[in-house]
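Colleague: This is work_25.cif, which holds mmCIF, C-alpha atoms and all ligand atoms:
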data_my_file
loop_
_atom_site.label_atom_id
_atom_site.label_comp_id
_atom_site.auth_asym_id
_atom_site.auth_seq_id
_atom_site.Cartn_x
_atom_site.Cartn_y
_atom_site.Cartn_z
CA MET A 423 0.00 0.00 0.00
CA GLY A 424 2.80 2.39 0.97
CA LEU A 425 4.63 1.53 -2.25
CA ASN A 426 1.46 2.16 -4.28
CA MET A 427 1.01 5.52 -2.61
CA THR A 428 4.57 6.42 -3.45
CA LEU A 429 4.18 5.42 -7.07
CA GLY A 430 0.89 7.31 -7.22
CA ALA A 431 2.53 10.37 -5.74
CA ARG A 432 5.39 10.10 -8.21
CA TRP A 433 2.97 9.76 -11.07
CA LEU A 434 1.04 12.80 -9.88
CA LEU A 435 4.28 14.80 -9.64
CA PHE A 436 5.29 13.70 -13.14
CA ALA A 437 1.85 14.52 -14.58
CA THR A 438 1.88 17.93 -12.91
CA LEU A 439 5.34 18.74 -14.23
CA PHE A 440 4.39 17.57 -17.72
CA ALA A 441 1.20 19.66 -17.71
CA SER A 442 3.13 22.73 -16.60
CA LEU A 443 5.65 22.14 -19.39
CA LEU A 444 2.78 22.01 -21.89
CA ASN A 445 1.27 25.22 -20.51
CA ASN A 446 4.64 26.89 -20.60
CA SER A 447 4.97 26.30 -24.35
CA ASN A 448 3.00 29.57 -24.45
CA ALA A 449 5.93 31.26 -22.79
CA VAL A 450 8.31 30.38 -25.63
CA ASP A 451 9.22 33.50 -27.60
CA SER A 452 9.36 33.29 -31.37
CA GLY A 453 10.55 36.08 -33.64
CA SER A 454 9.45 36.93 -37.17
CA ILE A 455 11.38 37.08 -40.45
CA ILE A 456 9.20 39.12 -42.81
CA PRO A 457 9.51 39.39 -46.60
CA LEU A 458 8.83 43.14 -46.84
CA TYR A 459 8.66 43.39 -50.63
CA ILE A 460 6.75 46.65 -50.43
CA TYR A 461 7.99 50.04 -51.62
CA PRO A 462 8.41 52.01 -48.36
CA VAL A 463 6.39 55.07 -49.47
CA THR A 464 2.74 54.88 -50.59
CA ASN A 465 1.44 56.71 -53.67
CA SER A 466 0.04 59.40 -51.39
CA GLY A 467 3.39 59.83 -49.62
CA GLY A 468 2.54 57.80 -46.49
CA ASN A 469 4.60 55.17 -44.69
CA ALA A 470 3.85 51.83 -46.41
CA TRP A 471 5.56 49.93 -43.58
CA GLN A 472 3.54 51.58 -40.77
CA ALA A 473 1.71 48.35 -39.81
CA LEU A 474 5.07 46.70 -39.09
CA PHE A 475 6.18 49.56 -36.83
CA ASP A 476 2.82 49.41 -35.02
CA ALA A 477 2.95 45.63 -34.46
CA TYR A 478 6.55 45.80 -33.26
CA ARG A 479 5.87 48.67 -30.84
CA ALA A 480 2.90 46.78 -29.36
CA HIS A 481 4.82 43.48 -29.03
CA PRO A 482 8.58 43.89 -29.54
CA ILE A 483 9.72 40.44 -30.66
CA ASN A 484 12.92 39.52 -32.51
CA THR A 485 11.99 41.01 -35.90
CA TRP A 486 13.85 40.89 -39.21
CA ALA A 487 12.51 42.64 -42.30
CA ILE A 488 13.78 41.30 -45.64
CA VAL A 489 14.29 44.41 -47.76
CA ASN A 490 14.23 44.04 -51.52
CA VAL A 491 14.73 46.97 -53.87
CA ASN A 492 14.55 45.03 -57.14
CA SER A 493 15.12 41.27 -56.65
CA GLY A 494 18.23 42.48 -54.85
CA PRO A 495 19.80 45.86 -54.04
CA GLY A 496 18.77 47.48 -57.36
CA GLY A 497 20.95 49.76 -59.51
CA ARG A 498 23.93 51.85 -58.52
CA ARG A 499 21.90 54.86 -57.40
CA LYS A 500 20.74 55.08 -53.83
CA ASP A 501 16.98 55.30 -53.36
CA ALA A 502 16.55 57.90 -50.60
CA ASN A 503 13.17 56.44 -49.63
CA TYR A 504 14.80 53.09 -48.92
CA ILE A 505 17.67 54.73 -47.04
CA ASN A 506 15.25 56.61 -44.78
CA ALA A 507 12.91 53.65 -44.27
CA ILE A 508 15.74 51.23 -43.38
CA ARG A 509 17.21 53.81 -41.00
CA ASP A 510 13.79 54.11 -39.31
CA LEU A 511 13.47 50.32 -38.96
CA HIS A 512 16.89 50.12 -37.32
CA ALA A 513 16.11 53.04 -35.02
CA ALA A 514 12.91 51.28 -33.91
CA GLY A 515 14.80 48.04 -33.15
CA ILE A 516 13.81 46.05 -36.25
CA LYS A 517 16.74 44.42 -38.04
CA THR A 518 17.04 44.02 -41.81
CA LEU A 519 18.16 41.37 -44.28
CA GLY A 520 19.23 42.35 -47.81
CA TYR A 521 17.57 40.13 -50.41
CA VAL A 522 19.88 38.26 -52.80
CA LEU A 523 18.88 35.66 -55.35
CA THR A 524 20.92 32.45 -55.64
CA ASN A 525 18.68 30.55 -58.08
CA TYR A 526 19.47 27.19 -56.42
CA THR A 527 23.24 27.84 -57.04
CA ARG A 528 22.73 28.68 -60.74
CA ARG A 529 23.87 32.26 -60.08
CA SER A 530 27.63 32.54 -59.79
CA GLU A 531 29.09 33.12 -56.35
CA ALA A 532 30.73 36.25 -57.80
CA ALA A 533 27.33 37.68 -58.82
CA VAL A 534 25.91 37.02 -55.35
CA ARG A 535 28.99 38.55 -53.69
CA ALA A 536 28.57 41.64 -55.88
CA ASP A 537 24.97 41.99 -54.66
CA MET A 538 26.15 41.74 -51.05
CA ASP A 539 28.78 44.43 -51.74
CA ARG A 540 26.16 46.72 -53.27
CA TRP A 541 23.75 46.20 -50.37
CA LYS A 542 26.55 47.25 -48.03
CA GLN A 543 27.53 50.31 -50.08
CA LEU A 544 23.98 51.57 -50.59
CA TYR A 545 21.84 50.54 -47.61
CA SER A 546 23.90 48.60 -45.05
CA PRO A 547 21.31 46.05 -43.89
CA THR A 548 22.02 43.97 -40.77
CA GLY A 549 22.21 40.60 -42.55
CA ILE A 550 21.59 38.76 -45.81
CA PHE A 551 18.67 36.66 -47.11
CA PHE A 552 19.64 34.03 -49.71
CA ASP A 553 16.51 33.31 -51.75
CA GLU A 554 16.01 30.14 -53.79
CA MET A 555 18.44 28.10 -51.70
CA ALA A 556 19.31 24.64 -53.01
CA TYR A 557 18.12 21.75 -50.83
CA ASP A 558 19.60 18.68 -52.49
CA ASP A 559 22.38 16.58 -51.02
CA VAL A 560 25.23 17.78 -53.25
CA ASN A 561 28.63 18.70 -51.78
CA SER A 562 29.32 21.54 -54.22
CA LYS A 563 25.96 23.16 -53.44
CA VAL A 564 26.48 22.96 -49.69
CA GLN A 565 29.93 24.47 -50.24
CA TYR A 566 28.42 27.32 -52.34
CA TYR A 567 26.27 28.47 -49.38
CA GLN A 568 29.13 27.93 -46.95
CA ASN A 569 31.34 30.21 -49.09
CA LEU A 570 28.66 32.89 -49.43
CA ASN A 571 27.92 32.78 -45.71
CA ASN A 572 31.63 33.19 -44.93
CA TYR A 573 31.80 36.14 -47.31
CA ALA A 574 28.72 37.75 -45.73
CA LYS A 575 30.20 37.43 -42.23
CA ALA A 576 33.55 38.81 -43.43
CA GLN A 577 31.69 41.91 -44.73
CA GLY A 578 30.21 42.48 -41.26
CA TYR A 579 26.75 41.04 -41.85
CA THR A 580 25.79 39.49 -38.52
CA TYR A 581 23.01 37.11 -39.61
CA THR A 582 22.19 34.98 -42.66
CA VAL A 583 18.98 33.27 -43.70
CA GLY A 584 18.54 30.79 -46.56
CA ASN A 585 15.21 30.07 -48.22
CA PRO A 586 14.67 26.70 -49.89
CA GLY A 587 10.98 27.14 -48.93
CA THR A 588 10.77 23.47 -47.99
CA ARG A 589 12.40 20.99 -45.66
CA THR A 590 16.04 20.45 -46.47
CA ILE A 591 19.11 18.28 -45.90
CA ALA A 592 20.40 18.64 -42.32
CA ARG A 593 23.92 19.75 -43.23
CA TYR A 594 22.64 22.96 -44.86
CA PHE A 595 22.03 24.08 -41.27
CA ASN A 596 25.83 24.34 -40.94
CA THR A 597 25.97 26.92 -43.75
CA VAL A 598 23.63 29.75 -42.66
CA ASP A 599 22.12 30.91 -39.36
CA ASN A 600 18.49 30.19 -40.21
CA ILE A 601 16.56 28.30 -42.90
CA VAL A 602 12.98 28.82 -44.12
CA VAL A 603 11.61 25.25 -44.17
CA PHE A 604 8.10 26.17 -45.34
CA GLU A 605 7.02 28.85 -47.84
CA SER A 606 3.67 27.81 -49.25
CA ASP A 607 -0.01 28.66 -49.73
CA THR A 608 -1.08 25.09 -48.85
CA GLY A 609 -2.42 26.00 -45.41
CA PHE A 610 -0.70 26.48 -42.07
CA PRO A 611 1.88 23.65 -41.70
CA SER A 612 1.32 20.92 -39.13
CA THR A 613 3.59 20.84 -36.10
CA ASP A 614 4.71 17.36 -37.26
CA LEU A 615 5.89 18.78 -40.56
CA ILE A 616 7.91 21.58 -38.92
CA CYS A 617 9.27 19.43 -36.09
CA SER A 618 10.39 16.65 -38.45
CA GLN A 619 13.09 18.92 -39.90
CA ASP A 620 16.53 17.67 -38.77
CA THR A 621 18.45 20.86 -37.89
CA ASN A 622 21.78 19.16 -37.28
CA GLY A 623 21.44 20.07 -33.62
CA LYS A 624 20.90 23.79 -34.26
CA GLY A 625 17.36 23.73 -32.88
CA ARG A 626 14.28 25.91 -33.25
CA GLN A 627 16.17 29.22 -33.50
CA SER A 628 17.53 28.01 -36.85
CA VAL A 629 14.05 27.36 -38.30
CA SER A 630 11.52 29.75 -39.81
CA ILE A 631 8.24 29.35 -41.69
CA LEU A 632 6.34 31.56 -44.16
CA PRO A 633 2.76 30.37 -44.74
CA TYR A 634 0.77 32.70 -47.03
CA ASN A 635 -2.81 32.86 -48.34
CA ILE A 636 -4.00 32.30 -44.75
CA GLY A 637 -7.28 34.21 -44.49
CA THR A 638 -7.80 33.77 -40.75
CA LEU A 639 -5.03 33.51 -38.17
CA ASN A 640 -5.31 30.27 -36.16
CA THR A 641 -3.57 31.38 -32.97
CA ALA A 642 -3.58 27.84 -31.51
CA ALA A 643 -1.73 26.52 -34.57
CA VAL A 644 0.81 29.36 -34.33
CA THR A 645 1.34 28.64 -30.62
CA ASP A 646 1.99 24.96 -31.40
CA ALA A 647 4.38 25.83 -34.25
CA LYS A 648 6.50 27.95 -31.88
CA ALA A 649 7.81 24.73 -30.31
CA CYS A 650 9.87 24.01 -33.45
CA ALA A 651 10.01 27.33 -35.36
CA GLY A 652 11.96 30.21 -33.82
CA PHE A 653 10.64 32.59 -36.48
CA ILE A 654 7.11 32.73 -37.91
CA PHE A 655 5.41 35.08 -40.35
CA VAL A 656 1.91 34.53 -41.75
CA THR A 657 -0.05 36.58 -44.28
CA ASN A 658 -3.42 36.54 -46.01
CA ASP A 659 -1.77 37.91 -49.17
CA SER A 660 -1.50 35.53 -52.15
CA GLY A 661 -0.85 35.45 -55.88
CA ASN A 662 2.37 36.17 -57.79
CA ASN A 663 3.84 38.29 -55.03
CA PRO A 664 2.25 37.35 -51.70
CA TRP A 665 4.67 39.70 -49.92
CA ASP A 666 3.48 43.05 -51.30
CA THR A 667 1.04 43.83 -48.47
CA LEU A 668 1.09 43.27 -44.71
CA PRO A 669 -1.78 41.29 -43.12
CA GLY A 670 -4.45 43.00 -41.01
CA TYR A 671 -3.69 40.50 -38.21
CA LEU A 672 0.01 41.41 -37.90
CA THR A 673 -0.28 42.87 -34.38
CA GLN A 674 -2.28 39.82 -33.27
CA LEU A 675 0.41 37.54 -34.75
CA PHE A 676 3.14 39.40 -32.86
CA GLU A 677 1.10 39.06 -29.65
CA VAL A 678 0.95 35.27 -30.11
CA LEU A 679 4.66 35.07 -30.95
CA LYS A 680 5.59 37.00 -27.82
CA GLY A 681 6.05 34.46 -25.01
C1 LIG B 701 17.61 30.70 -62.91
O1 LIG B 701 18.39 29.87 -63.75
C2 LIG B 701 17.67 29.37 -64.87
C3 LIG B 701 18.58 28.38 -65.60
O2 LIG B 701 19.81 28.97 -65.90
C4 LIG B 701 17.24 30.53 -65.75
O3 LIG B 701 16.49 30.06 -66.86
C5 LIG B 701 16.38 31.46 -64.92
O4 LIG B 701 16.07 32.61 -65.68
C6 LIG B 701 17.11 31.89 -63.67
N1 LIG B 701 16.17 32.63 -62.85
C7 LIG B 701 16.46 33.81 -62.36
C8 LIG B 701 15.37 34.44 -61.57
O5 LIG B 701 17.53 34.35 -62.53
C1 LIG B 702 -5.96 40.76 -46.26
O1 LIG B 702 -6.79 41.21 -45.22
C2 LIG B 702 -7.00 42.62 -45.21
C3 LIG B 702 -7.88 42.96 -44.03
O2 LIG B 702 -7.28 42.57 -42.88
C4 LIG B 702 -7.68 43.05 -46.48
O3 LIG B 702 -7.81 44.45 -46.49
C5 LIG B 702 -6.85 42.60 -47.67
O4 LIG B 702 -7.56 42.88 -48.85
C6 LIG B 702 -6.55 41.12 -47.59
N1 LIG B 702 -5.59 40.84 -48.65
C7 LIG B 702 -5.77 39.86 -49.51
C8 LIG B 702 -4.71 39.75 -50.56
O5 LIG B 702 -6.72 39.12 -49.46
#
Once you've parsed the file, please lay out its structure as C-alpha cells.
Ligand SMILES: *[C@@H]1O[C@H](CO)[C@@H](O)[C@H](O)[C@H]1NC(C)=O
Ligand SMILES: *[C@@H]1O[C@H](CO)[C@@H](O)[C@H](O)[C@H]1NC(C)=O
Modeller:
Amino acid sequence: MGLNMTLGARWLLFATLFASLLNNSNAVDSGSIIPLYIYPVTNSGGNAWQALFDAYRAHPINTWAIVNVNSGPGGRRKDANYINAIRDLHAAGIKTLGYVLTNYTRRSEAAVRADMDRWKQLYSPTGIFFDEMAYDDVNSKVQYYQNLNNYAKAQGYTYTVGNPGTRTIARYFNTVDNIVVFESDTGFPSTDLICSQDTNGKGRQSVSILPYNIGTLNTAAVTDAKACAGFIFVTNDSGNNPWDTLPGYLTQLFEVLKG
C-alpha cells in the first residue's frame, strides 16, 4: 500500500510537471522574419511599412525585415526612400536582411557577392537573405552556401537566412544561421511537418516558416508551431507576389509570438 502511494505520488508529480511544461509552451518566444517586398512610401506619400512599426511597438519580438529593392539591391543609385525607411526600422529596433537571389546555385558566387557588396555600399542592412536556396544533397551546393555565408560574415553582416521554402538536408544548417523550411499557400503547416526537420542540432532558432494565403489567423496553430520554429510570419496575401502587403492581423500575430 505504501509503495502504491509512493508510485501514485510520483505519477502525480510527473503529470503535474508535464502539464506545466505544456502550458509553458505559451511562454516560448518566437521572432518573425518578414519578406517586406513593399515600396516604403505609398502613392500618397505615407509610410507603407507603418503596420510593421505598429505591431513591433505593441509586441517587440525579434523582428527581421527582408528588404528588396529590385530582386536584390537594385541599380547603382541610392533610393533615398529606402535609405530613410531602413534607418527608421533600425532606429525602432527592427533588423534588416538584404535580399539576394541564388537561383538554387545557378547564379555565380561572384554575382551574389557583388549583390552583397552593393547592399553594403547603398543601404547597409544587418544581414543577408539568400533566396532560392538549393536543398539537395550535393557537396558543391552545400559548399556554395558555406562560401557565401563566410563572405557575408567577413563583410560584417551578422546574420544569414537561406530560403529553400521546404524541408532540407540537415547539413545545410551548418551553412547559414536560419533556414525557411516552409514557404507555401497550402495552409498552415502541421507541427509534425515543422518538427520533423533535422536541424543538425541547431534547434528551433535556426528554423523559420512563411505560410501565405492564410485568411484567418489560427492562434492555436501558431502557438503549437512555436515549439519548433523560432521565427514565424503569416499573411493573407496571395498570388504572384504574396509579400506586397502586410496582413491585417500582424499585431495579433506578434502578440501570439511573444512568449
Ligand atoms: C535561374 O536559372 C535558370 C537556368 O539557368 C534561368 O532560366 C532562370 O532565368 C534563372 N532565374 C532567375 C530568376 O535568374
Ligand atoms: C488581407 O486582409 C486585409 C484585411 O485585414 C484586407 O484588407 C486585404 O484585402 C486582404 N488581402 C488579400 C490579398 O486578401
Colleague: Counting all atoms listed in the file, find residues at most 12 Å from (-3.3, 28.5, -34.0) (file frame) and give them as a PyMOL selection string.
Modeller: chain A and resi 448+609-613+636+638-648+654+656+674-675+678-679
Colleague: Hey, which bits of region 502-553 of chain A sit within 7 Å of region 573-584 of chain A, and for each residue what's the closest pair of atoms and how far apart in Å (one decimal), counting all atoms listed in the file, rows by chain and increasing number, as CSV?
Modeller:
residue,atom,partner,partner_atom,distance
A:Thr548,CA,A:Tyr579,CA,5.7
A:Gly549,CA,A:Tyr579,CA,4.6
A:Ile550,CA,A:Thr582,CA,5.0
A:Phe551,CA,A:Val583,CA,4.8
A:Phe552,CA,A:Gly584,CA,4.7
A:Asp553,CA,A:Gly584,CA,6.1
Colleague: Please report, as a Markdown table, each residue of region 554-673 of chain A lying at most 6 Å from region 506-529 of chain A, together with the nearest pair of atoms and the separation in Å rounded to one decimal; use only C-alpha atoms, and order rows by chain and ascending residue number.
Modeller:
| residue | atom | partner | partner_atom | distance |
| --- | --- | --- | --- | --- |
| A:Glu554 | CA | A:Asn525 | CA | 5.1 |
| A:Met555 | CA | A:Tyr526 | CA | 4.9 |
| A:Ala556 | CA | A:Tyr526 | CA | 4.3 |
Colleague: Considering all atoms listed in the file, give me a table of residues in chain A that are at most 8 Å from ligand LIG 702 (chain B), with the closest atom pair and distance in Å for each, as a tab-separated table.
Modeller:
residue	atom	partner	partner_atom	distance
A:Asn635	CA	B:LIG702	O5	7.5
A:Gly637	CA	B:LIG702	C1	6.9
A:Thr657	CA	B:LIG702	C1	7.5
A:Asn658	CA	B:LIG702	C1	4.9
A:Asp659	CA	B:LIG702	C8	3.7
A:Ser660	CA	B:LIG702	C8	5.5
A:Gly661	CA	B:LIG702	C8	7.9
A:Pro664	CA	B:LIG702	C8	7.4
A:Thr667	CA	B:LIG702	N1	7.3
A:Leu668	CA	B:LIG702	C1	7.6
A:Pro669	CA	B:LIG702	C1	5.3
A:Gly670	CA	B:LIG702	O2	3.4
A:Tyr671	CA	B:LIG702	O2	6.2
Colleague: Need the neighbours of (3.0, 39.9, -33.6): which residues are at most 8 Å away, counting all atoms listed in the file, as a ChimeraX atom specification?
Modeller: /A:454,477-478,481-483,672-680
